[in-house]
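Trainee: What follows is model.cif, mmCIF, C-alpha atoms.
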data_entry
#
loop_
_atom_site.label_atom_id
_atom_site.label_comp_id
_atom_site.auth_asym_id
_atom_site.auth_seq_id
_atom_site.Cartn_x
_atom_site.Cartn_y
_atom_site.Cartn_z
CA MET A 1096 0.00 0.00 0.00
CA ILE A 1097 1.29 3.45 -0.87
CA ASN A 1098 1.75 5.71 2.14
CA LYS A 1099 -1.23 8.07 1.94
CA ASN A 1100 0.86 10.89 3.37
CA PHE A 1101 2.77 11.01 0.13
CA GLN A 1102 -0.31 11.03 -2.04
CA LYS A 1103 -0.93 14.46 -0.57
CA ILE A 1104 2.49 16.01 -1.18
CA SER A 1105 1.85 19.71 -1.45
CA VAL A 1106 1.95 21.59 -4.71
CA PHE A 1107 4.50 23.88 -3.05
CA VAL A 1108 6.98 21.07 -2.42
CA PHE A 1109 6.38 19.61 -5.87
CA ALA A 1110 6.84 22.95 -7.62
CA GLY A 1111 10.01 23.58 -5.61
CA ALA A 1112 11.49 20.33 -6.87
CA VAL A 1113 10.59 21.28 -10.43
CA VAL A 1114 12.22 24.71 -10.11
CA LEU A 1115 15.38 23.26 -8.55
CA PHE A 1116 15.81 20.74 -11.32
CA PHE A 1117 15.29 23.07 -14.24
CA LEU A 1118 17.53 25.75 -12.80
CA PHE A 1119 20.24 23.11 -12.63
CA ALA A 1120 19.44 21.50 -15.92
CA PHE A 1121 18.90 24.41 -18.27
CA VAL A 1122 20.46 27.57 -16.86
CA ILE A 1123 23.95 26.18 -17.47
CA PRO A 1124 25.27 27.79 -20.67
CA PRO A 1125 25.59 25.40 -23.60
CA ALA A 1126 29.24 26.43 -23.88
CA PHE A 1127 29.90 24.57 -20.63
CA ALA A 1128 29.36 21.38 -22.60
CA ASN A 1129 32.78 21.94 -24.14
CA LEU A 1130 34.17 20.39 -20.98
CA ALA A 1131 32.80 17.10 -22.24
CA VAL A 1132 35.52 16.67 -24.85
CA ASP A 1133 39.26 16.77 -24.68
CA GLU A 1134 40.31 18.76 -27.74
CA ASN A 1135 43.20 16.46 -28.69
CA GLU A 1136 41.08 13.34 -28.32
CA SER A 1137 38.19 14.82 -30.25
CA GLU A 1138 40.42 15.46 -33.26
CA ASN A 1139 40.93 11.70 -33.48
CA ILE A 1140 37.24 10.78 -33.39
CA VAL A 1141 35.47 13.65 -35.13
CA ASP A 1142 35.74 12.12 -38.61
CA SER A 1143 33.89 9.03 -37.44
CA THR A 1144 30.70 11.04 -37.01
CA ILE A 1145 30.66 12.55 -40.48
CA PRO A 1146 28.44 10.41 -42.73
CA ASP A 1147 30.04 9.36 -46.00
CA THR A 1148 27.03 10.40 -48.07
CA THR A 1149 24.47 13.18 -48.20
CA THR A 1150 21.91 11.03 -50.00
CA SER A 1151 21.37 8.38 -47.34
CA PRO A 1152 18.16 6.38 -47.90
CA ILE A 1153 15.64 6.64 -45.08
CA THR A 1154 15.52 3.55 -42.91
CA HIS A 1155 14.35 2.81 -39.40
CA LEU A 1156 15.79 0.50 -36.79
CA LYS A 1157 13.55 -1.85 -34.89
CA THR A 1158 13.18 -0.93 -31.22
CA PRO A 1159 15.77 -2.87 -29.21
CA LYS A 1160 14.30 -5.35 -26.75
CA ALA A 1161 16.18 -3.45 -24.07
CA VAL A 1162 16.57 0.24 -24.81
CA LYS A 1163 19.64 1.69 -23.05
CA SER A 1164 19.76 5.33 -23.97
CA ILE A 1165 21.57 8.58 -23.29
CA TYR A 1166 20.28 12.08 -23.99
CA MET A 1167 21.80 14.62 -26.41
CA THR A 1168 21.03 18.34 -26.49
CA GLN A 1169 20.54 20.40 -29.64
CA CYS A 1170 23.87 22.13 -29.13
CA ILE A 1171 25.74 18.84 -28.86
CA ALA A 1172 23.90 17.37 -31.86
CA GLY A 1173 24.94 20.37 -33.95
CA ASN A 1174 28.62 20.11 -33.06
CA LYS A 1175 30.43 17.23 -34.74
CA ARG A 1176 33.29 17.17 -32.25
CA LEU A 1177 31.09 17.24 -29.18
CA ARG A 1178 28.62 14.66 -30.37
CA ALA A 1179 31.49 12.35 -31.28
CA ARG A 1180 32.10 11.66 -27.60
CA LEU A 1181 28.54 10.49 -27.08
CA VAL A 1182 28.58 8.38 -30.22
CA LYS A 1183 31.81 6.75 -29.06
CA LEU A 1184 30.22 6.00 -25.68
CA ALA A 1185 27.45 4.16 -27.52
CA GLN A 1186 29.95 2.34 -29.73
CA ASP A 1187 32.05 1.17 -26.79
CA THR A 1188 29.38 0.35 -24.21
CA GLU A 1189 25.95 -1.19 -23.75
CA ILE A 1190 24.33 2.11 -24.83
CA ASN A 1191 22.25 1.36 -27.93
CA ALA A 1192 20.06 4.45 -28.28
CA ILE A 1193 20.36 8.24 -28.20
CA VAL A 1194 17.54 10.69 -27.46
CA ILE A 1195 18.18 13.86 -29.47
CA ASN A 1196 16.43 17.18 -28.93
CA ILE A 1197 14.82 18.32 -32.15
CA LYS A 1198 12.61 20.93 -30.44
CA ASP A 1199 13.76 21.83 -26.98
CA GLU A 1200 12.28 23.95 -24.18
CA THR A 1201 13.05 27.15 -26.11
CA GLY A 1202 10.81 26.03 -28.98
CA LYS A 1203 13.65 26.22 -31.50
CA VAL A 1204 13.98 23.46 -34.09
CA ASP A 1205 17.48 22.14 -34.69
CA HIS A 1206 17.22 20.80 -38.24
CA LYS A 1207 15.88 22.13 -41.51
CA THR A 1208 12.66 20.58 -42.78
CA ASP A 1209 10.57 20.86 -45.91
CA ASN A 1210 7.66 22.19 -43.87
CA PRO A 1211 7.53 26.01 -43.81
CA LEU A 1212 5.91 25.81 -40.35
CA PHE A 1213 9.35 25.30 -38.85
CA ALA A 1214 11.48 27.53 -41.08
CA LYS A 1215 11.77 30.44 -38.65
CA ALA A 1216 12.20 28.21 -35.59
CA TYR A 1217 15.18 26.66 -37.38
CA ALA A 1218 16.61 29.88 -38.83
CA THR A 1219 16.66 31.59 -35.43
CA ALA A 1220 17.91 28.61 -33.40
CA ARG A 1221 21.13 29.18 -31.51
CA CYS A 1222 22.17 25.55 -32.05
CA ARG A 1223 21.44 23.77 -35.32
CA ALA A 1224 22.28 20.35 -36.75
CA SER A 1225 22.20 21.01 -40.46
CA ASP A 1226 23.26 17.43 -41.22
CA MET A 1227 20.68 15.74 -39.00
CA LYS A 1228 19.44 13.37 -41.69
CA ASP A 1229 22.92 12.07 -42.36
CA PHE A 1230 23.76 11.96 -38.67
CA VAL A 1231 20.73 9.73 -38.02
CA ALA A 1232 21.78 7.52 -40.95
CA PHE A 1233 25.25 7.27 -39.40
CA LEU A 1234 23.73 6.24 -36.07
CA HIS A 1235 21.82 3.52 -37.88
CA ARG A 1236 24.99 2.20 -39.50
CA ASN A 1237 26.33 1.83 -35.99
CA ASP A 1238 23.14 0.09 -34.77
CA ILE A 1239 22.21 3.06 -32.59
CA TYR A 1240 18.47 3.64 -32.21
CA ALA A 1241 17.57 7.32 -32.72
CA ILE A 1242 14.81 8.95 -30.65
CA ALA A 1243 13.58 12.47 -31.45
CA ARG A 1244 12.60 14.47 -28.36
CA ILE A 1245 9.97 17.19 -28.76
CA ALA A 1246 9.16 19.57 -25.89
CA VAL A 1247 5.47 20.37 -26.31
CA PHE A 1248 3.82 22.98 -24.10
CA GLN A 1249 6.87 24.88 -22.88
CA ASP A 1250 7.64 26.75 -26.08
CA PRO A 1251 8.34 30.50 -25.77
CA ASP A 1252 9.14 30.68 -29.48
CA LEU A 1253 5.69 29.49 -30.53
CA VAL A 1254 4.08 31.74 -27.90
CA LYS A 1255 5.66 34.74 -29.64
CA LYS A 1256 4.24 33.65 -32.99
CA HIS A 1257 0.83 32.70 -31.61
CA PRO A 1258 0.10 34.42 -28.30
CA GLU A 1259 -3.54 33.38 -28.73
CA TRP A 1260 -2.43 29.82 -27.92
CA ALA A 1261 -0.62 30.85 -24.72
CA VAL A 1262 -1.54 30.62 -21.07
CA LYS A 1263 -2.72 34.10 -20.01
CA ARG A 1264 -2.86 36.27 -16.91
CA ALA A 1265 -6.30 36.51 -15.40
CA SER A 1266 -5.65 40.04 -14.20
CA ASP A 1267 -5.03 41.72 -17.55
CA GLY A 1268 -5.12 39.10 -20.31
CA ALA A 1269 -1.40 39.36 -21.03
CA VAL A 1270 0.75 36.28 -21.57
CA TRP A 1271 1.43 34.56 -18.24
CA ARG A 1272 4.99 33.73 -17.15
CA ASP A 1273 6.25 31.28 -14.58
CA ARG A 1274 8.81 32.05 -11.86
CA LYS A 1275 11.65 31.78 -14.38
CA GLY A 1276 9.91 34.15 -16.79
CA ILE A 1277 9.05 31.36 -19.21
CA THR A 1278 5.83 31.37 -21.21
CA TRP A 1279 3.65 28.31 -21.82
CA LEU A 1280 1.22 27.08 -24.43
CA GLU A 1281 -2.23 25.83 -23.47
CA VAL A 1282 -2.67 22.07 -23.15
CA LYS A 1283 -6.08 22.24 -24.87
CA ALA A 1284 -4.92 24.42 -27.77
CA THR A 1285 -5.39 21.91 -30.58
CA PRO A 1286 -3.32 23.95 -33.08
CA VAL A 1287 -0.35 23.12 -30.85
CA TRP A 1288 -1.18 19.44 -31.20
CA ASP A 1289 -1.15 19.84 -34.98
CA TYR A 1290 2.17 21.68 -34.82
CA VAL A 1291 4.05 19.04 -32.82
CA ALA A 1292 2.45 16.22 -34.81
CA ALA A 1293 3.72 17.85 -38.01
CA LEU A 1294 7.20 18.06 -36.51
CA ALA A 1295 7.00 14.39 -35.54
CA GLU A 1296 6.19 13.61 -39.17
CA GLU A 1297 9.25 15.56 -40.31
CA ALA A 1298 11.41 13.65 -37.81
CA GLU A 1299 10.15 10.32 -39.13
CA LYS A 1300 10.92 11.42 -42.68
CA ILE A 1301 14.60 11.92 -41.90
CA GLY A 1302 14.92 8.55 -40.21
CA PHE A 1303 14.23 8.91 -36.49
CA ASP A 1304 13.09 5.58 -35.07
CA GLU A 1305 10.89 6.91 -32.26
CA ILE A 1306 9.24 10.18 -31.24
CA ASN A 1307 9.40 11.22 -27.58
CA PHE A 1308 7.07 13.95 -26.30
CA ASP A 1309 8.08 15.88 -23.18
CA TYR A 1310 6.58 18.85 -21.29
CA VAL A 1311 3.10 17.43 -21.70
CA ARG A 1312 1.57 19.21 -18.74
CA PHE A 1313 0.15 22.34 -17.23
CA PRO A 1314 2.65 24.81 -15.72
CA SER A 1315 3.38 24.19 -12.05
CA ASP A 1316 5.19 27.20 -10.63
CA GLY A 1317 4.61 30.93 -10.71
CA ASN A 1318 1.60 33.01 -9.72
CA MET A 1319 -1.01 30.32 -10.17
CA SER A 1320 -3.71 32.59 -8.73
CA ASP A 1321 -3.35 34.91 -11.73
CA ILE A 1322 -3.58 32.28 -14.44
CA ALA A 1323 -6.29 32.03 -17.09
CA TYR A 1324 -7.03 29.76 -20.03
CA THR A 1325 -8.84 30.27 -23.30
CA TYR A 1326 -9.17 26.66 -24.45
CA PHE A 1327 -9.38 24.94 -21.05
CA ASP A 1328 -12.49 25.37 -18.89
CA SER A 1329 -11.98 24.08 -15.35
CA SER A 1330 -15.74 24.08 -14.79
CA GLU A 1331 -16.16 21.55 -17.57
CA GLU A 1332 -13.14 19.26 -17.08
CA THR A 1333 -10.11 18.62 -14.92
CA LYS A 1334 -6.49 19.18 -15.83
CA ALA A 1335 -6.12 15.40 -16.02
CA ASP A 1336 -9.00 15.27 -18.54
CA ALA A 1337 -7.29 17.95 -20.63
CA VAL A 1338 -3.93 16.19 -20.70
CA LYS A 1339 -5.67 12.90 -21.51
CA ASP A 1340 -7.34 14.66 -24.45
CA PHE A 1341 -3.87 15.58 -25.70
CA PHE A 1342 -2.72 11.97 -25.27
CA ARG A 1343 -5.65 10.83 -27.38
CA GLY A 1344 -5.24 13.62 -29.89
CA ILE A 1345 -1.53 13.13 -30.49
CA HIS A 1346 -2.10 9.38 -30.81
CA GLU A 1347 -4.63 9.99 -33.59
CA ARG A 1348 -2.25 12.39 -35.32
CA THR A 1349 0.83 10.14 -35.19
CA LYS A 1350 -0.50 6.58 -35.28
CA ASP A 1351 0.15 6.23 -39.02
CA LEU A 1352 3.83 7.23 -38.84
CA GLY A 1353 4.79 3.60 -38.40
CA ILE A 1354 7.27 4.21 -35.57
CA PRO A 1355 6.87 4.08 -31.77
CA ILE A 1356 5.63 7.14 -29.89
CA SER A 1357 6.60 7.75 -26.26
CA VAL A 1358 5.83 10.34 -23.60
CA ASP A 1359 7.68 11.59 -20.51
CA LEU A 1360 5.89 11.90 -17.17
CA PHE A 1361 7.09 13.13 -13.81
CA GLY A 1362 8.44 10.38 -11.56
CA MET A 1363 5.71 10.84 -8.97
CA ALA A 1364 3.15 9.83 -11.59
CA SER A 1365 4.20 6.27 -10.74
CA THR A 1366 3.23 6.59 -7.07
CA ASN A 1367 0.64 9.37 -6.88
CA TYR A 1368 -2.92 8.73 -7.95
CA ASP A 1369 -3.76 12.41 -8.25
CA ASP A 1370 -2.56 14.46 -11.21
CA LEU A 1371 0.23 16.27 -9.31
CA GLY A 1372 -1.51 19.53 -10.12
CA ILE A 1373 -0.24 19.35 -13.71
CA GLY A 1374 -2.63 16.86 -15.31
CA GLN A 1375 -0.39 13.78 -15.46
CA ILE A 1376 -1.88 10.40 -14.50
CA LEU A 1377 -0.05 7.24 -15.51
CA GLU A 1378 -3.15 5.24 -16.44
CA ASN A 1379 -4.31 8.01 -18.77
CA ALA A 1380 -1.10 7.77 -20.82
CA LEU A 1381 -0.74 4.00 -21.10
CA PRO A 1382 -3.40 3.36 -23.80
CA TYR A 1383 -2.07 6.01 -26.17
CA PHE A 1384 1.71 5.48 -26.24
CA ASP A 1385 4.07 2.67 -27.07
CA PHE A 1386 6.29 3.68 -24.15
CA VAL A 1387 5.82 5.82 -21.05
CA THR A 1388 9.03 7.15 -19.55
CA LEU A 1389 8.99 8.21 -15.91
CA MET A 1390 11.53 10.76 -14.70
CA VAL A 1391 12.44 9.02 -11.45
CA TYR A 1392 15.57 11.03 -10.67
CA PRO A 1393 16.12 10.36 -6.94
CA SER A 1394 17.24 13.95 -6.35
CA HIS A 1395 13.78 15.19 -7.33
CA TYR A 1396 11.90 13.66 -4.43
CA PRO A 1397 11.29 15.76 -1.31
CA PRO A 1398 12.85 14.96 2.07
CA GLY A 1399 10.82 12.28 3.80
CA TYR A 1400 9.54 10.72 0.59
CA HIS A 1401 8.65 7.08 1.34
CA GLY A 1402 10.40 7.51 4.68
CA TYR A 1403 13.80 8.53 3.28
CA LYS A 1404 15.32 11.66 4.77
CA GLN A 1405 17.51 12.23 1.69
CA PRO A 1406 16.07 10.40 -1.31
CA ALA A 1407 19.03 11.37 -3.50
CA ILE A 1408 21.42 9.18 -1.49
CA VAL A 1409 19.32 6.00 -1.85
CA PRO A 1410 18.95 5.74 -5.65
CA TYR A 1411 18.26 2.01 -5.71
CA LYS A 1412 15.40 2.25 -3.22
CA ILE A 1413 13.76 5.25 -4.88
CA VAL A 1414 13.90 3.82 -8.40
CA LYS A 1415 12.88 0.33 -7.28
CA TYR A 1416 9.87 1.60 -5.34
CA ASN A 1417 8.70 3.79 -8.21
CA MET A 1418 9.20 1.16 -10.87
CA ASP A 1419 7.46 -1.50 -8.76
CA MET A 1420 4.50 0.84 -8.42
CA ALA A 1421 4.46 1.69 -12.12
CA VAL A 1422 4.60 -1.97 -13.12
CA SER A 1423 1.78 -2.94 -10.76
CA ARG A 1424 -0.37 -0.07 -12.00
CA ALA A 1425 0.24 -0.97 -15.64
CA ILE A 1426 -0.80 -4.56 -14.96
CA ALA A 1427 -3.90 -3.42 -13.07
CA ALA A 1428 -4.80 -1.23 -16.05
CA ASP A 1429 -4.51 -4.24 -18.41
CA SER A 1430 -1.50 -2.64 -20.06
CA ASP A 1431 1.87 -4.15 -20.87
CA PRO A 1432 4.36 -3.24 -18.11
CA ALA A 1433 7.12 -3.42 -20.74
CA LYS A 1434 5.84 -0.03 -21.87
CA ILE A 1435 7.40 1.48 -18.76
CA ARG A 1436 10.88 2.99 -18.92
CA PRO A 1437 12.64 5.14 -16.31
CA TRP A 1438 14.71 8.21 -16.96
CA ILE A 1439 17.61 7.70 -14.54
CA GLN A 1440 20.00 10.26 -13.10
CA ASP A 1441 23.59 10.76 -14.31
CA PHE A 1442 24.17 14.21 -12.83
CA ASN A 1443 25.15 15.51 -9.41
CA LEU A 1444 22.21 16.91 -7.49
CA GLY A 1445 21.54 16.01 -3.89
CA ALA A 1446 24.54 13.66 -3.98
CA ILE A 1447 27.58 12.83 -6.07
CA TYR A 1448 26.39 10.44 -8.74
CA ASP A 1449 29.31 8.18 -9.50
CA ALA A 1450 29.23 4.91 -11.44
CA LEU A 1451 27.92 2.95 -8.44
CA MET A 1452 25.02 5.35 -7.94
CA ILE A 1453 24.08 5.08 -11.61
CA ARG A 1454 24.39 1.29 -11.66
CA ALA A 1455 22.16 1.14 -8.59
CA GLN A 1456 19.36 2.80 -10.56
CA ILE A 1457 19.86 0.44 -13.48
CA GLN A 1458 19.81 -2.59 -11.18
CA ALA A 1459 16.64 -1.31 -9.53
CA THR A 1460 15.05 -1.15 -12.98
CA TYR A 1461 16.02 -4.75 -13.68
CA ASP A 1462 14.87 -5.91 -10.26
CA ALA A 1463 11.46 -4.36 -10.95
CA GLY A 1464 11.17 -6.66 -13.96
CA LEU A 1465 11.99 -4.05 -16.59
CA ASN A 1466 14.91 -4.03 -19.01
CA SER A 1467 14.94 -0.54 -20.59
CA TRP A 1468 16.21 2.76 -19.19
CA MET A 1469 17.20 6.21 -20.40
CA SER A 1470 20.04 8.15 -18.78
CA TRP A 1471 19.84 11.92 -18.41
CA ASP A 1472 22.62 14.44 -17.96
CA PRO A 1473 21.68 17.99 -19.03
CA ARG A 1474 25.35 18.75 -19.75
CA ASN A 1475 25.85 15.51 -21.70
CA ILE A 1476 28.95 14.62 -19.67
CA TYR A 1477 28.17 10.99 -18.90
CA THR A 1478 29.90 8.81 -16.34
CA THR A 1479 31.61 6.41 -18.71
CA GLY A 1480 32.35 3.80 -16.06
CA ALA A 1481 28.65 3.44 -15.27
CA TYR A 1482 27.89 1.72 -18.55
CA LEU A 1483 29.01 -1.82 -19.26
CA PRO A 1484 31.46 -2.48 -22.11
CA ASP A 1485 29.83 -3.61 -25.33
#
Can the structure from this file be put into structure tokens for me?

Mentor:
Amino acid sequence: MINKNFQKISVFVFAGAVVLFFLFAFVIPPAFANLAVDENESENIVDSTIPDTTTSPITHLKTPKAVKSIYMTQCIAGNKRLRARLVKLAQDTEINAIVINIKDETGKVDHKTDNPLFAKAYATARCRASDMKDFVAFLHRNDIYAIARIAVFQDPDLVKKHPEWAVKRASDGAVWRDRKGITWLEVKATPVWDYVAALAEEAEKIGFDEINFDYVRFPSDGNMSDIAYTYFDSSEETKADAVKDFFRGIHERTKDLGIPISVDLFGMASTNYDDLGIGQILENALPYFDFVTLMVYPSHYPPGYHGYKQPAIVPYKIVKYNMDMAVSRAIAADSDPAKIRPWIQDFNLGAIYDALMIRAQIQATYDAGLNSWMSWDPRNIYTTGAYLPD
């Protein structure tokens, strides 16, 4: 039985954890990622990431039985020397998949498409991967599964183009901003659904093997008392209903792409039966996606969670408990528990995450009866020793 005290974790504590993570994860300048590569070493491996053709035929890899993935930012994907390090990690270890940002939390698109919808988002992007099609083809030649990550409702760029789709202030009708000054799109704004579905189609066309949707939620921090919606009516439906509508809508828009579709949820969606104040309920996602990835970073759980004073220092226990809960809930919902994947932590927050701490999370995943996991480091400086040799 889940401890009922933790079903009622306050929105304040939850929002604080969200703010702490994203300050750590995204405020760091992309230039800091240069620390990930030794310049002399990179000169020796850079050529290996340059595809030998610009007319690569479009193919897709079958989803590995056990997906073992790392995450790559737009800035890393657009820099041949920096991305070489991550490709080499996949070549030398058990890593067999890479999640690549194609539209990140800024709303910018990192590769050129044939669809004019995304022309400006690409032209004004700070980091671009002009050879993305060939890079994906190169990953395929190395048996590396390519996942395209699309941030959905946090998109300041699209808010500027279409403020009518944005979350507003109740006080004056202006565009609402969260505590970090970031603007958000409305979950029920169906033109946004069309926009991200069109981008998913473009990603499939250049060879991505899976589409991963993130930021599928209502905003959670900021002046929530001064927030207003145009498309969402709280008197007619709940936030969970609205997010479920998106799940259903994006499924209908992408089901014919012929590749798996996945969605990211907060880690507490595995243990909480409420919607966390943001509209996310695990059972609502399971019918509409091939995979549901839970962000169970131990550092993101509040002190006292499940009886642990410092959740970050007990990674095995936190991941095991959450994955056990997610598996049992998937089974109870008549869904395949193999749909469940965790995002695990390979960054220092709340504790020093060395190879043993990372392996503990992976082992917890296996001990919960699952075999796939996705490793996150916002700086893309992965702990090489944490991943088994190929």

Trainee: I'd like to know which of A:Ala1459, A:Val1262, A:Val1291, A:Val1162 is closest to Asp1321 in chain A, using all atoms listed in the file.

Mentor: A:Val1262

Trainee: Measuring between all atoms listed in the file, which one of A:Ala1292, A:Leu1371, A:Met1452, A:Ile1354 shows the shortest distance to Thr1333 in chain A?

Mentor: A:Leu1371

Trainee: Take the PyMOL selection byres ((chain A and resi 1466-1474) around 7), run it mentally on this structure, and tell me the resulting residues as a ChimeraX atom specification.

Mentor: /A:1120,1128,1161-1166,1436-1442,1460-1461,1464-1465,1475-1477

Trainee: Can you write just those residues out, C-alpha atoms, as a compact mmCIF listing (two decimals), keeping the file's coordinate frame?

Mentor:
# COMPACT_ATOMS: atom_id res chain seq x y z
CA ALA A 1120 19.44 21.50 -15.92
CA ALA A 1128 29.36 21.38 -22.60
CA ALA A 1161 16.18 -3.45 -24.07
CA VAL A 1162 16.57 0.24 -24.81
CA LYS A 1163 19.64 1.69 -23.05
CA SER A 1164 19.76 5.33 -23.97
CA ILE A 1165 21.57 8.58 -23.29
CA TYR A 1166 20.28 12.08 -23.99
CA ARG A 1436 10.88 2.99 -18.92
CA PRO A 1437 12.64 5.14 -16.31
CA TRP A 1438 14.71 8.21 -16.96
CA ILE A 1439 17.61 7.70 -14.54
CA GLN A 1440 20.00 10.26 -13.10
CA ASP A 1441 23.59 10.76 -14.31
CA PHE A 1442 24.17 14.21 -12.83
CA THR A 1460 15.05 -1.15 -12.98
CA TYR A 1461 16.02 -4.75 -13.68
CA GLY A 1464 11.17 -6.66 -13.96
CA LEU A 1465 11.99 -4.05 -16.59
CA ASN A 1475 25.85 15.51 -21.70
CA ILE A 1476 28.95 14.62 -19.67
CA TYR A 1477 28.17 10.99 -18.90

Trainee: So which residues fall inside 12 Å of (26.6, -10.0, -24.0) if we count all atoms listed in the file? Mind giving them as an MDAnalysis selection string?

Mentor: chainID A and resid 1188:1189 1483:1485

Trainee: Care to translate the PyMOL selection byres ((chain A and resi 1307) around 8) into actual residues of this file, as a short mmCIF file (atom, residue, chain, number, x, y, z; two decimals) with C-alpha atoms, in the coordinates of the input?

Mentor:
data_model
loop_
_atom_site.label_atom_id
_atom_site.label_comp_id
_atom_site.auth_asym_id
_atom_site.auth_seq_id
_atom_site.Cartn_x
_atom_site.Cartn_y
_atom_site.Cartn_z
CA ILE A 1242 14.81 8.95 -30.65
CA ALA A 1243 13.58 12.47 -31.45
CA ARG A 1244 12.60 14.47 -28.36
CA ILE A 1245 9.97 17.19 -28.76
CA GLU A 1305 10.89 6.91 -32.26
CA ILE A 1306 9.24 10.18 -31.24
CA PHE A 1308 7.07 13.95 -26.30
CA ASP A 1309 8.08 15.88 -23.18
CA ILE A 1356 5.63 7.14 -29.89
CA SER A 1357 6.60 7.75 -26.26
CA VAL A 1358 5.83 10.34 -23.60
CA ASP A 1359 7.68 11.59 -20.51
#

Trainee: For CA of Tyr1217 in chain A and CA of Pro1314 in chain A, quote the distance in Å rounded to one decimal.

Mentor: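 Result for CA of Tyr1217 in chain A versus CA of Pro1314 in chain A: 25.1 Å, one decimal.
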
Trainee: Expanded to explicit residues, what is the PyMOL selection byres ((chain A and resi 1168) around 9) for this file, as a CSV table (one decimal) with C-alpha atoms, in the frame of the given file?

Mentor:
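Output saved as part09.csv:
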chain,number,residue,atom,x,y,z
A,1125,PRO,CA,25.6,25.4,-23.6
A,1166,TYR,CA,20.3,12.1,-24.0
A,1167,MET,CA,21.8,14.6,-26.4
A,1169,GLN,CA,20.5,20.4,-29.6
A,1170,CYS,CA,23.9,22.1,-29.1
A,1171,ILE,CA,25.7,18.8,-28.9
A,1172,ALA,CA,23.9,17.4,-31.9
A,1173,GLY,CA,24.9,20.4,-34.0
A,1194,VAL,CA,17.5,10.7,-27.5
A,1195,ILE,CA,18.2,13.9,-29.5
A,1196,ASN,CA,16.4,17.2,-28.9
A,1197,ILE,CA,14.8,18.3,-32.2
A,1199,ASP,CA,13.8,21.8,-27.0
A,1473,PRO,CA,21.7,18.0,-19.0
A,1474,ARG,CA,25.4,18.8,-19.8
A,1475,ASN,CA,25.8,15.5,-21.7

Trainee: Enter the distance from CA of Glu1299 in chain A to CA of Asp1351 in chain A, in Å, rounded to one decimal.

Mentor: 10.8 Å

Trainee: Set the distance at 12 Å and use only C-alpha atoms: which residues neighbour Glu1200 in chain A once local chain neighbours fewer than 3 positions away are removed? I'd like the list as a ChimeraX atom specification.

Mentor: /A:1117,1120-1122,1168-1169,1196-1197,1203-1205,1220,1244-1254,1277-1280,1308-1311

Trainee: Between CA of Ala1284 in chain A and CA of Tyr1324 in chain A, what is the distance in Å, rounded to a tenth?

Mentor: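 Straight-line distance from CA of Ala1284 in chain A to CA of Tyr1324 in chain A works out to 9.6 Å.
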
Trainee: Could you add whatever atoms are missing so that range 1310-1322 of chain A carries N, CA and C atoms, then write the result as a PDB file, in the coordinates of the input?

Mentor:
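Here's the written file rebuild.pdb:
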ATOM      1  N   TYR A1310       7.303  17.638 -21.691  1.00  0.00           N
ATOM      2  CA  TYR A1310       6.580  18.850 -21.290  1.00  0.00           C
ATOM      3  C   TYR A1310       5.112  18.765 -21.692  1.00  0.00           C
ATOM      4  N   VAL A1311       4.527  17.622 -21.438  1.00  0.00           N
ATOM      5  CA  VAL A1311       3.100  17.430 -21.700  1.00  0.00           C
ATOM      6  C   VAL A1311       2.379  17.638 -20.378  1.00  0.00           C
ATOM      7  N   ARG A1312       2.144  18.904 -20.051  1.00  0.00           N
ATOM      8  CA  ARG A1312       1.570  19.210 -18.740  1.00  0.00           C
ATOM      9  C   ARG A1312       1.166  20.670 -18.648  1.00  0.00           C
ATOM     10  N   PHE A1313       0.439  20.966 -17.599  1.00  0.00           N
ATOM     11  CA  PHE A1313       0.150  22.340 -17.230  1.00  0.00           C
ATOM     12  C   PHE A1313       1.360  22.917 -16.488  1.00  0.00           C
ATOM     13  N   PRO A1314       1.552  24.229 -16.505  1.00  0.00           N
ATOM     14  CA  PRO A1314       2.650  24.810 -15.720  1.00  0.00           C
ATOM     15  C   PRO A1314       2.406  24.586 -14.234  1.00  0.00           C
ATOM     16  N   SER A1315       3.496  24.573 -13.463  1.00  0.00           N
ATOM     17  CA  SER A1315       3.380  24.190 -12.050  1.00  0.00           C
ATOM     18  C   SER A1315       3.945  25.213 -11.080  1.00  0.00           C
ATOM     19  N   ASP A1316       4.622  26.223 -11.557  1.00  0.00           N
ATOM     20  CA  ASP A1316       5.190  27.200 -10.630  1.00  0.00           C
ATOM     21  C   ASP A1316       4.980  28.602 -11.186  1.00  0.00           C
ATOM     22  N   GLY A1317       4.932  29.568 -10.311  1.00  0.00           N
ATOM     23  CA  GLY A1317       4.610  30.930 -10.710  1.00  0.00           C
ATOM     24  C   GLY A1317       3.348  31.369  -9.970  1.00  0.00           C
ATOM     25  N   ASN A1318       2.798  32.481 -10.365  1.00  0.00           N
ATOM     26  CA  ASN A1318       1.600  33.010  -9.720  1.00  0.00           C
ATOM     27  C   ASN A1318       0.374  32.294 -10.287  1.00  0.00           C
ATOM     28  N   MET A1319       0.074  31.153  -9.661  1.00  0.00           N
ATOM     29  CA  MET A1319      -1.010  30.320 -10.170  1.00  0.00           C
ATOM     30  C   MET A1319      -2.392  30.955  -9.904  1.00  0.00           C
ATOM     31  N   SER A1320      -2.436  31.932  -9.005  1.00  0.00           N
ATOM     32  CA  SER A1320      -3.710  32.590  -8.730  1.00  0.00           C
ATOM     33  C   SER A1320      -4.074  33.602  -9.811  1.00  0.00           C
ATOM     34  N   ASP A1321      -3.106  33.921 -10.670  1.00  0.00           N
ATOM     35  CA  ASP A1321      -3.350  34.910 -11.730  1.00  0.00           C
ATOM     36  C   ASP A1321      -3.233  34.254 -13.103  1.00  0.00           C
ATOM     37  N   ILE A1322      -3.724  33.027 -13.196  1.00  0.00           N
ATOM     38  CA  ILE A1322      -3.580  32.280 -14.440  1.00  0.00           C
ATOM     39  C   ILE A1322      -4.953  32.074 -15.064  1.00  0.00           C
TER      40      ILE A1322
END
